[in-house]
Structures are given as C-alpha cells and as structure tokens.
file coords-v2.cif (mmCIF, C-alpha atoms)
data_upload
loop_
_atom_site.label_atom_id
_atom_site.label_comp_id
_atom_site.auth_asym_id
_atom_site.auth_seq_id
_atom_site.Cartn_x
_atom_site.Cartn_y
_atom_site.Cartn_z
CA MET H 1 118.93 120.03 153.17
CA SER H 2 122.00 118.24 151.87
CA GLY H 3 120.36 114.92 152.81
CA ILE H 4 117.21 115.79 150.91
CA SER H 5 119.30 116.84 147.93
CA GLY H 6 121.14 113.54 148.02
CA ILE H 7 117.88 111.58 148.08
CA SER H 8 116.56 113.66 145.18
CA ASN H 9 119.69 113.05 143.15
CA SER H 10 119.57 109.33 143.88
CA TYR H 11 115.91 109.16 142.80
CA SER H 12 116.74 111.11 139.66
CA SER H 13 119.53 108.67 138.80
CA TYR H 14 117.27 105.70 139.52
CA SER H 15 114.56 107.20 137.27
CA MET H 16 117.11 107.75 134.52
CA TYR H 17 118.27 104.15 134.74
CA GLY H 18 114.63 103.07 134.29
CA LYS H 19 114.23 105.30 131.25
CA ILE H 20 117.44 104.02 129.69
CA ALA H 21 116.36 100.42 130.29
CA SER H 22 112.96 101.01 128.64
CA GLY H 23 114.19 103.41 125.99
CA LEU H 24 111.28 105.73 126.82
CA ARG H 25 111.59 109.38 127.79
CA ILE H 26 108.00 109.49 129.07
CA GLN H 27 107.12 106.79 131.56
CA SER H 28 104.48 108.73 133.48
CA SER H 29 102.55 111.98 133.18
CA ALA H 30 105.05 113.57 135.58
CA ASP H 31 107.78 113.24 132.99
CA ASP H 32 105.92 115.31 130.36
CA ALA H 33 102.16 115.74 130.73
CA ALA H 34 101.65 117.51 127.41
CA GLY H 35 103.97 115.11 125.60
CA LEU H 36 102.13 112.13 127.04
CA ALA H 37 98.77 113.45 125.83
CA ILE H 38 100.09 114.00 122.30
CA SER H 39 101.83 110.62 122.30
CA GLU H 40 98.64 108.79 123.27
CA LYS H 41 96.74 110.47 120.43
CA LEU H 42 99.44 109.52 117.96
CA THR H 43 99.45 105.96 119.27
CA SER H 44 95.67 105.75 118.77
CA GLN H 45 96.03 107.08 115.23
CA GLU H 46 98.83 104.62 114.40
CA ASN H 47 96.89 101.66 115.83
CA GLY H 48 93.79 102.71 113.87
CA LEU H 49 95.77 102.94 110.64
CA ASN H 50 97.31 99.50 111.18
CA LYS H 51 93.91 97.97 111.92
CA GLY H 52 92.46 99.71 108.86
CA THR H 53 95.21 98.10 106.80
CA GLN H 54 94.31 94.68 108.18
CA ASN H 55 90.65 95.28 107.33
CA ALA H 56 91.53 96.34 103.80
CA GLN H 57 93.69 93.25 103.37
CA SER H 58 90.76 91.12 104.51
CA GLY H 59 88.68 92.89 101.87
CA GLN H 60 91.24 91.92 99.26
CA ASP H 61 91.13 88.32 100.47
CA LEU H 62 87.35 88.38 100.05
CA LEU H 63 87.70 89.73 96.52
CA ASN H 64 90.22 87.01 95.70
CA VAL H 65 87.77 84.35 96.86
CA SER H 66 84.98 85.95 94.84
CA ASP H 67 87.13 86.30 91.73
CA GLY H 68 88.27 82.70 91.92
CA ALA H 69 84.68 81.52 92.14
CA LEU H 70 83.59 83.77 89.28
CA GLY H 71 86.48 82.44 87.24
CA SER H 72 85.16 78.92 87.73
CA ILE H 73 81.69 80.08 86.70
CA THR H 74 83.21 81.66 83.60
CA ASP H 75 84.85 78.35 82.69
CA ASN H 76 81.49 76.58 83.01
CA LEU H 77 79.76 79.21 80.91
CA GLN H 78 82.41 78.97 78.21
CA ARG H 79 81.90 75.20 78.09
CA ILE H 80 78.12 75.64 77.91
CA ARG H 81 78.62 78.05 75.02
CA GLU H 82 80.75 75.48 73.19
CA LEU H 83 78.05 72.89 73.70
CA ALA H 84 75.39 75.33 72.51
CA VAL H 85 77.35 75.94 69.32
CA GLN H 86 77.70 72.19 68.92
CA ALA H 87 73.98 71.71 69.46
CA SER H 88 73.26 74.27 66.73
CA ASN H 89 74.55 71.76 64.19
CA GLY H 90 71.57 70.63 62.12
CA LEU H 91 73.18 67.24 61.57
CA LEU H 92 72.62 66.20 65.19
CA THR H 93 69.75 63.98 66.21
CA ASP H 94 67.46 64.62 69.15
CA SER H 95 69.35 61.90 71.02
CA ASP H 96 72.62 63.76 70.41
CA LYS H 97 71.13 66.95 71.75
CA LYS H 98 69.86 65.16 74.86
CA ASP H 99 73.40 63.95 75.54
CA ILE H 100 74.67 67.50 75.13
CA GLN H 101 71.96 68.85 77.41
CA ALA H 102 72.96 66.32 80.07
CA GLU H 103 76.40 67.92 80.21
CA VAL H 104 74.86 71.40 80.12
CA ASP H 105 72.73 70.47 83.11
CA GLN H 106 75.80 69.29 85.00
CA LEU H 107 77.60 72.54 84.23
CA LYS H 108 74.58 74.57 85.31
CA GLN H 109 74.45 72.59 88.54
CA GLY H 110 78.12 73.42 89.07
CA ILE H 111 77.42 77.13 88.59
CA GLY H 112 74.52 76.96 91.04
CA ASP H 113 76.64 75.19 93.65
CA ILE H 114 79.42 77.75 93.31
CA ALA H 115 76.97 80.63 93.67
CA ASP H 116 75.35 79.11 96.74
CA GLN H 117 78.46 77.84 98.52
CA THR H 118 81.01 80.62 97.98
CA THR H 119 81.44 82.40 101.31
CA PHE H 120 83.97 84.46 103.24
CA ASN H 121 83.84 84.24 107.03
CA THR H 122 80.41 82.62 106.61
CA LYS H 123 79.13 85.56 104.53
CA PRO H 124 77.72 84.48 101.14
CA LEU H 125 79.34 86.25 98.21
CA LEU H 126 77.58 85.20 95.03
CA ASN H 127 73.96 84.43 95.77
CA GLY H 128 72.76 88.02 95.93
CA ASP H 129 73.90 91.58 95.20
CA SER H 130 75.13 93.21 98.41
CA SER H 131 77.66 95.65 99.84
CA LEU H 132 80.00 94.67 102.65
CA TYR H 133 81.47 97.55 104.65
CA MET H 134 84.86 97.64 106.34
CA ALA H 135 86.65 100.31 108.36
CA THR H 136 89.85 101.21 106.57
CA ASP H 137 91.17 104.34 108.30
CA SER H 138 92.17 105.44 111.81
CA ASN H 139 88.73 106.94 112.53
CA GLY H 140 86.71 103.89 111.57
CA ASN H 141 85.39 105.36 108.31
CA SER H 142 84.33 102.58 105.96
CA VAL H 143 84.46 101.64 102.31
CA SER H 144 82.25 99.06 100.66
CA VAL H 145 83.07 95.95 98.70
CA ASN H 146 80.27 94.96 96.36
CA THR H 147 79.37 91.35 95.64
CA THR H 148 77.41 90.13 92.63
CA ASN H 149 74.54 87.71 92.17
CA ALA H 150 75.80 84.81 90.08
CA THR H 151 72.91 82.39 90.59
CA LEU H 152 71.42 80.64 87.57
CA SER H 153 68.31 82.81 87.64
CA SER H 154 70.32 86.01 87.91
CA LEU H 155 72.49 84.96 84.98
CA GLY H 156 69.38 84.12 83.00
CA ILE H 157 70.37 80.52 82.26
CA GLU H 158 68.20 78.64 84.74
CA ASP H 159 66.04 77.24 81.92
CA PHE H 160 68.68 77.14 79.20
CA ASP H 161 68.09 74.02 77.11
CA VAL H 162 69.72 73.09 73.80
CA ILE H 163 67.07 70.49 72.93
CA GLY H 164 64.41 73.04 72.00
CA ASN H 165 64.73 76.61 70.78
CA PHE H 166 67.62 78.50 72.37
CA SER H 167 69.91 81.45 71.71
CA ILE H 168 73.65 81.56 72.27
CA ASP H 169 73.15 85.23 73.15
CA THR H 170 71.71 84.01 76.46
CA ILE H 171 75.10 82.57 77.40
CA ASP H 172 76.94 85.61 76.04
CA LYS H 173 74.88 87.89 78.29
CA ALA H 174 75.68 85.68 81.27
CA LEU H 175 79.37 85.81 80.39
CA ASP H 176 79.20 89.60 80.09
CA LYS H 177 77.65 89.90 83.53
CA VAL H 178 80.30 87.70 85.15
CA THR H 179 83.11 89.49 83.30
CA THR H 180 81.77 92.87 84.41
CA ALA H 181 81.58 91.66 88.00
CA ARG H 182 85.17 90.46 87.88
CA ALA H 183 86.32 93.77 86.39
CA LYS H 184 84.59 95.71 89.18
CA GLY H 185 86.15 93.38 91.73
CA GLY H 186 89.59 94.03 90.25
CA ALA H 187 89.02 97.79 90.46
CA GLN H 188 87.95 97.47 94.09
CA TYR H 189 91.03 95.35 94.82
CA ASN H 190 93.27 98.05 93.36
CA ALA H 191 91.46 100.74 95.36
CA LEU H 192 92.11 98.78 98.54
CA SER H 193 95.77 98.47 97.54
CA SER H 194 95.95 102.27 97.40
CA THR H 195 94.30 102.47 100.82
CA ILE H 196 96.83 99.99 102.23
CA SER H 197 99.75 101.94 100.76
CA TYR H 198 98.46 105.20 102.25
CA ASN H 199 97.80 103.62 105.65
CA ASN H 200 101.29 102.12 105.77
CA TYR H 201 102.86 105.46 104.83
CA ALA H 202 100.75 107.39 107.34
CA ALA H 203 101.36 104.84 110.10
CA GLN H 204 105.11 104.95 109.50
CA ASN H 205 105.22 108.73 109.72
CA THR H 206 102.91 108.78 112.74
CA ALA H 207 105.16 106.28 114.50
CA ALA H 208 108.21 108.39 113.67
CA SER H 209 106.54 111.50 115.06
CA ASN H 210 105.52 109.65 118.20
CA SER H 211 109.03 108.31 118.60
CA ARG H 212 110.46 111.83 118.63
CA ILE H 213 108.11 112.69 121.50
CA GLU H 214 108.15 109.48 123.51
CA ASP H 215 111.53 107.84 122.93
CA LEU H 216 114.63 108.65 124.94
CA ASP H 217 117.80 110.05 123.38
CA ILE H 218 120.02 107.28 124.74
CA PRO H 219 123.47 108.87 124.07
CA LYS H 220 122.39 112.14 125.69
CA ALA H 221 120.78 110.28 128.60
CA LEU H 222 123.95 108.28 129.21
CA THR H 223 126.02 111.48 129.13
CA ASP H 224 123.63 113.20 131.56
CA LEU H 225 123.66 110.17 133.85
CA THR H 226 127.44 110.01 133.87
CA LYS H 227 127.58 113.71 134.64
CA GLN H 228 125.03 113.33 137.44
CA ASN H 229 126.92 110.41 138.96
CA LEU H 230 130.16 112.38 138.90
CA LEU H 231 128.44 115.31 140.60
CA ASN H 232 126.99 112.97 143.22
CA THR H 233 130.42 111.46 143.84
CA TYR H 234 131.95 114.93 144.13
CA LYS H 235 129.24 116.06 146.56
CA ILE H 236 129.79 112.97 148.71
CA PHE H 237 133.55 113.60 148.70
CA MET H 238 133.07 117.24 149.65
CA GLN H 239 130.64 116.27 152.43
CA LYS H 240 133.12 113.77 153.82
CA SER H 241 135.90 116.39 153.66
CA ALA H 242 133.69 118.91 155.46
CA ASN H 243 132.81 116.34 158.13
CA ALA H 244 136.48 115.44 158.60
CA ALA H 245 137.47 119.12 158.89
CA ALA H 246 134.74 119.71 161.46
CA GLN H 247 135.87 116.69 163.46
CA ASN H 248 139.45 117.94 163.44
CA ARG H 249 138.33 121.37 164.67
CA ASN H 250 136.39 119.75 167.51
CA THR H 251 139.38 117.61 168.46
CA VAL H 252 141.68 120.66 168.67
CA LEU H 253 139.04 122.65 170.58
CA PHE H 254 138.56 120.07 173.32
CA ARG H 255 142.20 119.11 173.75
#
call {"tool": "encode", "arguments": {"input": "coords-v2.cif", "output": "structure tokens"}}
result
Amino acid sequence: MSGISGISNSYSSYSMYGKIASGLRIQSSADDAAGLAISEKLTSQENGLNKGTQNAQSGQDLLNVSDGALGSITDNLQRIRELAVQASNGLLTDSDKKDIQAEVDQLKQGIGDIADQTTFNTKPLLNGDSSLYMATDSNGNSVSVNTTNATLSSLGIEDFDVIGNFSIDTIDKALDKVTTARAKGGAQYNALSSTISYNNYAAQNTAASNSRIEDLDIPKALTDLTKQNLLNTYKIFMQKSANAAAQNRNTVLFR
C-alpha cells in the first residue's frame, strides 16, 4: 500500500507541476467536470462577443467607405448647383450655357461612376437601396446596415440640363437625399460603436469570470506543492528508517 501511495503522490506532484507550467487549474474533465463545462460555455460566449465586435467594426468600415463616397457626390452636386445658378444669368448666351452644361455632364458622369463603383468586399453600396446584415453578439443575432441608392436616376438628375428649362430645386432635392443618407449612416455608425463598447465590456467580464474558474492560483499551488514534496520526503525518510530498524532486528535475531 505504501508503494501505491508513493506512486499516487508522485503523480499528484507531476500533475501539479503541469498545472503550474500552464497556469490552468483545469486541464482535463477529471480535474473539475462541472467547472470545465461552465468554462467552455464562457469561452464560447467570450469568443462570440469578440467576433461580434469584429463584425461591427467591419460594419463601421463599410459605413466609412459609403460616407466618403457620398461626400464626393455631395461635392459634385454642390458644384452642379453653382453652375445652375450661373446658368440662370440672363446675360449668358446659348454658347455659354453649352459650355456650362459640358461641365455639368462631367460632374454627373462622376456621380454615376461613384454610385456604380463604390463597393465593400465586392458588395455594391450606392447603386441600390439594400440592407446588409451582420452578427454582432455572442449568439449570432444580427443588425442591419442600410445603404442608399445614389445613382443619377435615383437622385433625379439624370436629365438635368441647364441649356433648356431647369429648376435648381432639382439639385437641392438631390442634395437633401444624399445628406439624409449620410446622417442615417452616421447614426448607424454610432449605434455600432455602442455595440462594440458593450461587447468589449461583456467579453472582459466573461473572461474574468472564466479565469476565476479555469486559472490556477499559482501562490497557493506552489505552497501546496512544497508541502506535498516535504511530506513525500518525510515519508521516504520514515520508510528508510523503518527498513533500517527491521534489518537491525533481523541481524540481532540471526546472530
């Protein structure tokens, strides 16, 4: 029995060395079956929260791309409006207005190109109204990021021409639509910022809770290991003393 006890103590010390080296109290289900089950659930929750944060950050990147493109469209629309005001001057000749329209056409072409070519991860952002969904919490629940249609036809300026009859209100309405889209995008960006803040807070507390279950109390473990080693040394000493005493008794007996 003493041999079995010695093997058990040696295995226990070896196991403790492994735990100290890894810093983990639970290395297998045998160490704490219930604790392991809870720890795995907390790990899944923490990983889900961190991935949700990454998804939300990608959503913010998308919104930044969209807002930058809409900002460029706004600049073009503002320039078109300036030209429209200029073209309203009754002192201009038809030739002057044709020159102005040439620039308007170039600006319109620029708006069309931006609307058609603005993408995020190959997904078009400005050539049609749509909702893009992303999982932002630990359970995969999603929120949507809405994109706007900023094509020439959607803005109502596809046929805008300062040579004939035109209304500056047409450009103002287009500007209003783009401005509204940018405002909504800013609100969605801020909402995702709140989601990211919550996820980071929840992930931090989940990790702390998991650490209390899974991680090893190193100072206590070192104290326990030292105590166990001293006990093992004492048991070995006592066993040797007992063996020596028995040998002495046998020597006296058979003299």
call {"tool": "residues_around", "arguments": {"input": "coords-v2.cif", "residues": "Gln45 of chain H", "least_positions_apart": "6", "cutoff": "10 Å", "atoms": "only C-alpha atoms", "output": "PyMOL selection string"}}
result
chain H and resi 39+51+137-139+202-203+206-207
call {"tool": "residues_around", "arguments": {"input": "coords-v2.cif", "residues": "segment 62-72 of chain H", "least_positions_apart": "4", "cutoff": "9 Å", "atoms": "all atoms listed in the file", "output": "ChimeraX atom specification"}}
result
/H:57-58,76-77,111,114-115,118-121,125-126,145,147-148,150,178-179,181-182,185-186,188-189
call {"tool": "residues_around", "arguments": {"input": "coords-v2.cif", "residues": "Thr195 of chain H", "least_positions_apart": "2", "cutoff": "8 Å", "atoms": "all atoms listed in the file", "output": "short mmCIF file (atom, residue, chain, number, x, y, z; two decimals) with C-alpha atoms, keeping the file's coordinate frame"}}
result
data_model
loop_
_atom_site.label_atom_id
_atom_site.label_comp_id
_atom_site.auth_asym_id
_atom_site.auth_seq_id
_atom_site.Cartn_x
_atom_site.Cartn_y
_atom_site.Cartn_z
CA THR H 53 95.21 98.10 106.80
CA ALA H 56 91.53 96.34 103.80
CA THR H 136 89.85 101.21 106.57
CA ALA H 191 91.46 100.74 95.36
CA LEU H 192 92.11 98.78 98.54
CA SER H 193 95.77 98.47 97.54
CA SER H 197 99.75 101.94 100.76
CA TYR H 198 98.46 105.20 102.25
CA ASN H 199 97.80 103.62 105.65
#
call {"tool": "residues_near_point", "arguments": {"input": "coords-v2.cif", "point": "(72.2, 77.6, 80.9)", "cutoff": "10 Å", "atoms": "all atoms listed in the file", "output": "ChimeraX atom specification"}}
result
/H:76-77,80-81,84,101,104-109,111,152-153,155-162,166,168,170-171,174
call {"tool": "atom_distance", "arguments": {"input": "coords-v2.cif", "atom1": "atom CA of Lys97 of chain H", "atom2": "atom CA of Ile163 of chain H"}}
result
5.5 Å
call {"tool": "atom_distance", "arguments": {"input": "coords-v2.cif", "atom1": "atom CA of Asn55 of chain H", "atom2": "atom CA of Asn190 of chain H"}}
result
14.5 Å
call {"tool": "residues_around", "arguments": {"input": "coords-v2.cif", "residues": "Asp96 of chain H", "least_positions_apart": "5", "cutoff": "12 Å", "atoms": "only C-alpha atoms", "output": "list in words"}}
result
Leu83, Gln86, Ala87, Ser88, Asn89, Gly90, Leu91, Gln101, Ala102, Glu103, Val162 and Ile163 of chain H
call {"tool": "closest_residue", "arguments": {"input": "coords-v2.cif", "among": "H:Leu42, H:Leu49, H:Ile100, H:Ala37", "to": "Asn141 of chain H", "atoms": "only C-alpha atoms"}}
result
H:Leu49
call {"tool": "atom_distance", "arguments": {"input": "coords-v2.cif", "atom1": "atom CA of Ala183 of chain H", "atom2": "atom CA of Gly52 of chain H"}}
result
24.0 Å
call {"tool": "decode", "arguments": {"input": "coords-v2.cif", "residues": "segment 185-208 of chain H", "atoms": "N, CA and C atoms", "output": "mmCIF file, in the first residue's frame"}}
result
data_model
loop_
_atom_site.group_PDB
_atom_site.id
_atom_site.type_symbol
_atom_site.label_atom_id
_atom_site.label_comp_id
_atom_site.auth_asym_id
_atom_site.auth_seq_id
_atom_site.Cartn_x
_atom_site.Cartn_y
_atom_site.Cartn_z
ATOM 1 N N GLY H 185 -26.351 57.141 -41.980
ATOM 2 C CA GLY H 185 -25.125 56.361 -41.857
ATOM 3 C C GLY H 185 -24.362 56.711 -40.590
ATOM 4 N N GLY H 186 -24.329 58.007 -40.259
ATOM 5 C CA GLY H 186 -23.661 58.425 -39.024
ATOM 6 C C GLY H 186 -24.337 57.862 -37.786
ATOM 7 N N ALA H 187 -25.675 57.820 -37.813
ATOM 8 C CA ALA H 187 -26.420 57.254 -36.685
ATOM 9 C C ALA H 187 -26.142 55.758 -36.551
ATOM 10 N N GLN H 188 -26.080 55.060 -37.692
ATOM 11 C CA GLN H 188 -25.778 53.634 -37.655
ATOM 12 C C GLN H 188 -24.348 53.396 -37.152
ATOM 13 N N TYR H 189 -23.436 54.255 -37.543
ATOM 14 C CA TYR H 189 -22.045 54.146 -37.074
ATOM 15 C C TYR H 189 -21.995 54.272 -35.552
ATOM 16 N N ASN H 190 -22.711 55.245 -35.023
ATOM 17 C CA ASN H 190 -22.729 55.449 -33.573
ATOM 18 C C ASN H 190 -23.379 54.271 -32.852
ATOM 19 N N ALA H 191 -24.428 53.704 -33.462
ATOM 20 C CA ALA H 191 -25.075 52.537 -32.860
ATOM 21 C C ALA H 191 -24.105 51.355 -32.797
ATOM 22 N N LEU H 192 -23.318 51.190 -33.844
ATOM 23 C CA LEU H 192 -22.324 50.113 -33.841
ATOM 24 C C LEU H 192 -21.234 50.380 -32.816
ATOM 25 N N SER H 193 -20.907 51.648 -32.593
ATOM 26 C CA SER H 193 -19.928 51.994 -31.557
ATOM 27 C C SER H 193 -20.435 51.563 -30.187
ATOM 28 N N SER H 194 -21.722 51.757 -29.944
ATOM 29 C CA SER H 194 -22.318 51.321 -28.677
ATOM 30 C C SER H 194 -22.265 49.803 -28.550
ATOM 31 N N THR H 195 -22.535 49.113 -29.662
ATOM 32 C CA THR H 195 -22.472 47.650 -29.660
ATOM 33 C C THR H 195 -21.057 47.178 -29.353
ATOM 34 N N ILE H 196 -20.069 47.826 -29.956
ATOM 35 C CA ILE H 196 -18.671 47.457 -29.729
ATOM 36 C C ILE H 196 -18.286 47.678 -28.266
ATOM 37 N N SER H 197 -18.715 48.808 -27.707
ATOM 38 C CA SER H 197 -18.404 49.103 -26.303
ATOM 39 C C SER H 197 -19.012 48.053 -25.379
ATOM 40 N N TYR H 198 -20.270 47.686 -25.648
ATOM 41 C CA TYR H 198 -20.924 46.671 -24.819
ATOM 42 C C TYR H 198 -20.219 45.326 -24.954
ATOM 43 N N ASN H 199 -19.911 44.932 -26.201
ATOM 44 C CA ASN H 199 -19.251 43.644 -26.419
ATOM 45 C C ASN H 199 -17.910 43.576 -25.702
ATOM 46 N N ASN H 200 -17.142 44.665 -25.779
ATOM 47 C CA ASN H 200 -15.837 44.685 -25.115
ATOM 48 C C ASN H 200 -15.997 44.562 -23.605
ATOM 49 N N TYR H 201 -16.984 45.276 -23.056
ATOM 50 C CA TYR H 201 -17.233 45.207 -21.615
ATOM 51 C C TYR H 201 -17.682 43.807 -21.208
ATOM 52 N N ALA H 202 -18.612 43.241 -21.973
ATOM 53 C CA ALA H 202 -19.126 41.906 -21.659
ATOM 54 C C ALA H 202 -18.034 40.851 -21.817
ATOM 55 N N ALA H 203 -17.225 40.971 -22.868
ATOM 56 C CA ALA H 203 -16.149 39.999 -23.094
ATOM 57 C C ALA H 203 -15.121 40.068 -21.978
ATOM 58 N N GLN H 204 -14.818 41.266 -21.520
ATOM 59 C CA GLN H 204 -13.841 41.430 -20.446
ATOM 60 C C GLN H 204 -14.338 40.775 -19.155
ATOM 61 N N ASN H 205 -15.597 40.987 -18.829
ATOM 62 C CA ASN H 205 -16.147 40.402 -17.610
ATOM 63 C C ASN H 205 -16.332 38.890 -17.738
ATOM 64 N N THR H 206 -16.676 38.436 -18.933
ATOM 65 C CA THR H 206 -16.793 36.996 -19.163
ATOM 66 C C THR H 206 -15.439 36.321 -19.015
ATOM 67 N N ALA H 207 -14.400 36.954 -19.563
ATOM 68 C CA ALA H 207 -13.049 36.407 -19.444
ATOM 69 C C ALA H 207 -12.604 36.366 -17.985
ATOM 70 N N ALA H 208 -12.958 37.409 -17.232
ATOM 71 C CA ALA H 208 -12.587 37.442 -15.812
ATOM 72 C C ALA H 208 -13.293 36.325 -15.043
#
